[in-house]
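The structure under discussion appears below in the form of structure tokens.
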Amino acid sequence: MQIFVNPDYKFVKHRWKGIAISMIFVIAGIAAYFANGINWGIDFAGGAAITLKFRDAVPLTELRRDLPDATIQQYGKAEERNIYIRLPEQKRESDYAGQVVGQLHERLNPGQTGKHDLNYDGRDKLASLLKQNDPDNRGTNPQAIQHYDDLSKKIIDQRSKVGIFTSMQQVTSTEGVSANAARLLNEKTYLGRFNPLSQENVGPQVGAELQRKALFAIILSSLAMGLYIWFRFRDFTFGMGAVACIVHDVAISLAFMLIMKLEFSLNIVAALLTIVGYSINDTVVMYDRVRENRRKIKKGLSLAEHLDLAINQTLSRTILTSGSVFLVLVALIAFGGDVIRGFAWILMIGVISGTYSTLMIVPAVALAFDRWTSKTTTAAPARIEPQRSETPARKRKAS
Amino acid sequence: MNRNVIWKIVLILGVLAIFTIAIIPTSSNPEPIKRGLDLKGGVHLVMRVNVNEAVRLETDQGMNSLRTQAQAQNLPVPSVRRIDDLTFVANPPAGVPTSNYERIARDFLPAFEITPISDGLRFHMKPQAQSQLQRDTVTQAVEAIDRRVNALGVTEPIIVPESNDRIVIQLPGVDDPARVKDIIKTTAQLQFRLVEGNSASTAQAVFDSLTPAQRAATDILPANEEDDMGRVVGVKYVAVQKNVPVSGRDLKNARVQKGRVGEPVIGFSFTPDGTPKFAALTKNNIGRYMAIVLDNKVVSYPVIKSEITGEGVIEGSFTTQQANDLSLVLRSGSLPASLTQLEERTVGPSLGRDSIRQGVTASVIGFLILVAALIVYYKGAGINAVVALLLNLVILLGMMAYFHATLTLPGLAGIILTLGMAVDTNVLVFERIREELREKKTVRAAIEQGFSRAFATIIDTHLTTIISALFLFQFGTGPIKGFAVTLLIGLGASVFTAFFVSRMIFDIVYKPTDRPKELSI
């Protein structure tokens, strides 16, 4: 199968349209920024993020009453009864998330003091309850300790499997729970209303630092990439084209993030850094082709003609490669879960924009720089000539 | 088949075997690739060690040591006063030359710089001494946390210092964050300080009962108000001297004992260094109250009846559980300074399980789509690329096992993403081969040219992605580092598979000697 057979598209001729389309995107992003601001994630804004799984109906009114300054929303599918709670940044460093979870546990499970909550407590607490009461009459020897450690692990694993215990039956039917142990559990434990799935807490200091580090990482890696291209191709024009390509792709991805109000998290930064390295690939492949063609028989062609020729020659590869990553990203967006989704979306936009910028933006920037340098210096005039879209047809068919 | 090809096959099968062995779970190594906290569940903490506390303590001990040494050398004891965490001044009684004290300072207070001032000497901690002390403080804190976490039985914890005053703590499999944080954060800083004035029910009342001089030199700390049976009935306040003559650093051991009426108490003994300090403190202050302060709370303040050498007892209203926990943290060493939590990321076991399921599902589906696309587009050569991808996957996983890299959720996405990117090497070569074929080259020549021409380009595209993955590795923590790692390893593996494996398959299927006419591409 083949999609592009001897393509001969005039990319250079249409470059201004390409730039216009990108500008529209970036302006829409800037507008979204002024309209909505940045949806900073907990990594950068600080504060606490808590995910809870509820045993039965989610007590939204109670949660909103107890946590007036929190953003509370459903996480995942409705039938999973998972709730995401986001709390704003605290002025001081503290164990904010832990305290809130502890308080919610007390308020939502009143009158249960002194009993163990099998939906809340961990393995260790359950094990020590079992060891203390020794329902299986094992004594206090190492084997007995091992026996109860194993038993509590099995019960907690069972909880992980079902998500949250909804009836004592689920607990006592766990493999290895004896009749006596079941009696003990029925007497000394209860099933609380929620299970903490995750809790995160980022203090003001770490948040501010991560912002700075993320910015530096993106800027430095873009510059490193430009330097690499410059040295590799001994061509400043190409280096600038590459940097422009990276800036374009990152800008488009950010614009998308702002328009879609995606949360700006560490994962998004990881996606942006990956884009910096990956979206440049198409450009490198295209540059390689220009260099190869210059060495070979294509003497006498202008830079614009060289760019058009190389883009067309590598077009099939460019689309296929981006396409395969695109397919993988579709799978990640569809099935990867909430943590991966935002990350995969940004990558997808970056990949699309990376391909687009190689075709439309890079040639424009390379040409602009080439003209600018030819005005300021008189070196290598042969390469530069005024660009017209009606340049004569190439002697040799682009293959 | 020519020998060259046979050797290549042996090499590739060898590589395949080595990496396959690495990822097969065995009874001794049930989890060849370790899961990160986000997949396994566990607690990730970043704590700041409040190193200035240790600095202040050092200054206190310097003040103390100046006084005790003056006494030991039969000089009049100077009055000393702390200016800030790093500085104190000593004023000898009128008529006594400061040179005597300078000599003591040179011998016993090497960490301080001495400058004469109008009526005495000013002691300021040297910058090197201060930074050394701060480093030591963090190291000691790491060690203490390590001992505590080990006592709790956490498997494979990671406790490492980071950027000056921070400690990163990773506890895989811990599903009760509140309890673990309590045990880690308890400073267990034990201090023995002299009491001034009387206790009262409010801090203000205690403050009012002190003389202005006493007010400047004391801290007012809370204590438990107990009834005759030792039960806690309320809070009261006690003024204790700011100066800390003996601290938990001087403690050698601690264990739970039974008190007079069978209540739990904590017995302790001093180190060889601590014994004389405590002996001097008790000997010089018989009849006064001495407060036992634990993490800025007065546990008890018995009256000193005689000189105590070597051993002592802390009485307080503890439950057995509290006494056990306290002796555990005292034994495993107090923290040299308190900790402040800067960051926490805790993932429960259920969520980790969900994440793995989703991540694996997405990856498998992504892989199948990729395989289908390759075979549809490139037919026979597509199968070749799929074989290269599979080998790429095995090498990637095997390398992770050998390097003990942890697999995180973004890392899982990184694996499948890397495979998507690795397709690029094959695409570059295949497209090149197609071009050569269109130029009416023979199948063999097209294969040769395709591989050799694509080589430089492939190296370029990999290098750019590797550069950004290195930045990512440097920038990221935990899950993101995991992503960078899979990206780096996967890209390396992809160069190998494209040039060795794809190439070899072409060589086997389209043997040079056969002069093949058709290429399935």
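Just remember, in the structure tokens the first chain shown is A, the second B, etc., residues are 1-based per chain, and ligands are 1-based in the order shown.
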
Proximity check chain A to chain B, 6 Å, nearest pairs one decimal Å, only C-alpha atoms, as CSV:
residue,atom,partner,partner_atom,distance
A:Met1,CA,B:Tyr377,CA,4.8
A:Glu93,CA,B:Leu342,CA,5.8
A:Ser94,CA,B:Gln341,CA,5.7
A:Gly122,CA,B:Asp175,CA,4.9
A:Ser160,CA,B:Ser350,CA,4.2
A:Gly163,CA,B:Ser350,CA,5.9
A:Leu197,CA,B:Gly348,CA,4.8
A:Ser198,CA,B:Val347,CA,4.4
A:Gln199,CA,B:Thr346,CA,5.1
A:Glu200,CA,B:Arg345,CA,4.3
A:Asn201,CA,B:Glu344,CA,4.8
A:Val202,CA,B:Glu343,CA,4.5
A:Gly203,CA,B:Leu342,CA,5.0
A:Ser221,CA,B:Ser468,CA,5.8
A:Gly277,CA,B:Thr465,CA,4.1
A:Tyr278,CA,B:Thr465,CA,5.4
A:Asn281,CA,B:Thr461,CA,5.0
A:Val285,CA,B:Thr457,CA,5.9
A:Thr321,CA,B:Asp424,CA,5.1
A:Ser324,CA,B:Gly420,CA,5.5
A:Val325,CA,B:Gly420,CA,4.6
A:Val328,CA,B:Gly366,CA,4.6
A:Ala331,CA,B:Gly366,CA,5.0
A:Leu332,CA,B:Ala362,CA,5.2
A:Phe335,CA,B:Ala362,CA,4.8
A:Gly336,CA,B:Gln358,CA,5.1
A:Gly337,CA,B:Gln358,CA,5.9

Write the residues of the selection above to a file with C-alpha atoms, as a compact mmCIF listing (two decimals), in the first residue's frame.
# COMPACT_ATOMS: atom_id res chain seq x y z
CA MET A 1 0.00 0.00 0.00
CA GLU A 93 4.22 23.85 54.70
CA SER A 94 2.12 21.18 56.35
CA GLY A 122 -3.77 -0.57 56.09
CA SER A 160 -7.89 -3.81 46.14
CA GLY A 163 -12.14 -1.59 44.97
CA LEU A 197 -7.19 6.01 46.61
CA SER A 198 -4.49 8.64 46.65
CA GLN A 199 -3.47 11.78 48.43
CA GLU A 200 -1.02 14.37 47.24
CA ASN A 201 0.28 17.43 48.97
CA VAL A 202 2.63 19.98 47.43
CA GLY A 203 3.86 22.80 49.62
CA SER A 221 16.32 21.51 25.71
CA GLY A 277 12.83 16.03 21.00
CA TYR A 278 10.39 14.19 18.79
CA ASN A 281 12.70 14.49 13.84
CA VAL A 285 14.96 13.99 8.08
CA THR A 321 5.98 7.86 11.21
CA SER A 324 2.20 5.29 13.85
CA VAL A 325 2.84 7.40 16.96
CA VAL A 328 -0.47 4.57 19.71
CA ALA A 331 -5.00 3.90 22.17
CA LEU A 332 -3.50 5.66 25.20
CA PHE A 335 -7.82 3.21 27.31
CA GLY A 336 -4.99 4.63 29.39
CA GLY A 337 -7.01 6.17 32.21

A:Thr355 surroundings by only C-alpha atoms, 7 Å radius, close-in-sequence under 5 positions cut, as a tab-separated table (two decimals) with N, CA and C atoms, in the first residue's frame:
chain	number	residue	atom	x	y	z
A	279	SER	N	9.30	16.10	17.77
A	279	SER	CA	8.72	16.80	16.63
A	279	SER	C	9.82	17.33	15.71
A	282	ASP	N	11.12	15.05	12.10
A	282	ASP	CA	10.70	15.24	10.71
A	282	ASP	C	11.58	16.29	10.05
A	318	THR	N	7.34	10.99	6.58
A	318	THR	CA	6.88	11.90	7.63
A	318	THR	C	5.48	11.53	8.10

**OP:** Please provide the set of residues having any atom within 9 Å of stretch 123-131 of chain B, restricted to only C-alpha atoms, with same-chain residues fewer than 3 positions apart removed, written as JSON, numbers by chain.
**Re:** {"B": [55, 59, 86, 87, 88, 89, 90, 105, 110, 111, 112, 113, 114, 115, 116, 134, 135, 136]}

Hey, can you spit out that residue selection with N, CA and C atoms as a PDB file, in the first residue's frame?
ATOM      1  N   VAL B  55      21.865  24.106  64.472  1.00  0.00           N
ATOM      2  CA  VAL B  55      22.860  25.168  64.623  1.00  0.00           C
ATOM      3  C   VAL B  55      22.675  25.869  65.965  1.00  0.00           C
ATOM      4  N   THR B  59      25.214  26.212  69.242  1.00  0.00           N
ATOM      5  CA  THR B  59      25.558  27.466  69.904  1.00  0.00           C
ATOM      6  C   THR B  59      25.281  27.356  71.412  1.00  0.00           C
ATOM      7  N   LEU B  86      23.538  31.812  65.590  1.00  0.00           N
ATOM      8  CA  LEU B  86      24.957  31.589  65.324  1.00  0.00           C
ATOM      9  C   LEU B  86      25.884  32.271  66.328  1.00  0.00           C
ATOM     10  N   THR B  87      25.360  33.191  67.114  1.00  0.00           N
ATOM     11  CA  THR B  87      26.237  34.086  67.876  1.00  0.00           C
ATOM     12  C   THR B  87      25.868  34.140  69.356  1.00  0.00           C
ATOM     13  N   PHE B  88      26.895  34.205  70.193  1.00  0.00           N
ATOM     14  CA  PHE B  88      26.626  34.564  71.590  1.00  0.00           C
ATOM     15  C   PHE B  88      27.763  35.441  72.097  1.00  0.00           C
ATOM     16  N   VAL B  89      27.520  36.171  73.179  1.00  0.00           N
ATOM     17  CA  VAL B  89      28.582  36.974  73.776  1.00  0.00           C
ATOM     18  C   VAL B  89      28.801  36.509  75.209  1.00  0.00           C
ATOM     19  N   ALA B  90      30.061  36.635  75.647  1.00  0.00           N
ATOM     20  CA  ALA B  90      30.406  36.261  77.021  1.00  0.00           C
ATOM     21  C   ALA B  90      30.995  37.492  77.704  1.00  0.00           C
ATOM     22  N   ALA B 105      38.354  29.094  74.753  1.00  0.00           N
ATOM     23  CA  ALA B 105      37.609  29.014  73.501  1.00  0.00           C
ATOM     24  C   ALA B 105      38.441  28.351  72.406  1.00  0.00           C
ATOM     25  N   PRO B 110      36.327  25.146  68.971  1.00  0.00           N
ATOM     26  CA  PRO B 110      37.005  25.410  67.702  1.00  0.00           C
ATOM     27  C   PRO B 110      36.046  25.868  66.597  1.00  0.00           C
ATOM     28  N   ALA B 111      34.758  25.637  66.782  1.00  0.00           N
ATOM     29  CA  ALA B 111      33.806  25.973  65.725  1.00  0.00           C
ATOM     30  C   ALA B 111      33.477  27.461  65.686  1.00  0.00           C
ATOM     31  N   PHE B 112      33.964  28.213  66.699  1.00  0.00           N
ATOM     32  CA  PHE B 112      33.560  29.614  66.789  1.00  0.00           C
ATOM     33  C   PHE B 112      34.717  30.572  66.509  1.00  0.00           C
ATOM     34  N   GLU B 113      34.370  31.692  65.896  1.00  0.00           N
ATOM     35  CA  GLU B 113      35.321  32.751  65.655  1.00  0.00           C
ATOM     36  C   GLU B 113      35.146  33.758  66.793  1.00  0.00           C
ATOM     37  N   ILE B 114      36.264  34.194  67.366  1.00  0.00           N
ATOM     38  CA  ILE B 114      36.164  35.054  68.548  1.00  0.00           C
ATOM     39  C   ILE B 114      36.582  36.474  68.187  1.00  0.00           C
ATOM     40  N   THR B 115      35.734  37.438  68.513  1.00  0.00           N
ATOM     41  CA  THR B 115      36.143  38.832  68.339  1.00  0.00           C
ATOM     42  C   THR B 115      35.943  39.550  69.666  1.00  0.00           C
ATOM     43  N   PRO B 116      36.950  40.317  70.110  1.00  0.00           N
ATOM     44  CA  PRO B 116      36.799  41.068  71.364  1.00  0.00           C
ATOM     45  C   PRO B 116      35.807  42.206  71.156  1.00  0.00           C
ATOM     46  N   GLN B 134      25.439  21.496  59.179  1.00  0.00           N
ATOM     47  CA  GLN B 134      24.195  21.304  58.439  1.00  0.00           C
ATOM     48  C   GLN B 134      24.227  19.996  57.651  1.00  0.00           C
ATOM     49  N   ARG B 135      25.397  19.728  57.029  1.00  0.00           N
ATOM     50  CA  ARG B 135      25.516  18.454  56.297  1.00  0.00           C
ATOM     51  C   ARG B 135      25.371  17.267  57.243  1.00  0.00           C
ATOM     52  N   ASP B 136      26.067  17.366  58.376  1.00  0.00           N
ATOM     53  CA  ASP B 136      25.997  16.273  59.347  1.00  0.00           C
ATOM     54  C   ASP B 136      24.567  16.068  59.825  1.00  0.00           C
TER      55      ASP B 136
END

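The nearest approach to B:Asn285 among the residues B:Leu391, B:Ile220, B:Ile304, B:Val142, with only C-alpha atoms taken into account, belongs to B:Ile304.
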
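In this comparison, which uses only C-alpha atoms, the residue of B:Leu281, B:Ile505, B:Val443, B:Ala401 approaching B:Ile12 most closely is B:Ile505.
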
Original post:
Can you tell me, as a list in words, what residues are no more than 9 Å from stretch 15-19 of chain A when counting only C-alpha atoms, ignoring any on the same chain fewer than 6 positions away?
Top reply: Tyr356, Ser357, Leu359, Met360, Ile361, Pro363 and Ala364 of chain A

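Secondary structure by DSSP on the backbone puts the following residues of stretch 40-165 of chain A in strand (DSSP E): Gly47, Ala48, Ala49, Ile50, Thr51, Leu52, Lys53, Phe54, Thr71, Ile72, Gln73, Gln74, Asn82, Ile83, Tyr84, Ile85, Arg86, Leu87, His116 and Asp117 of chain A.
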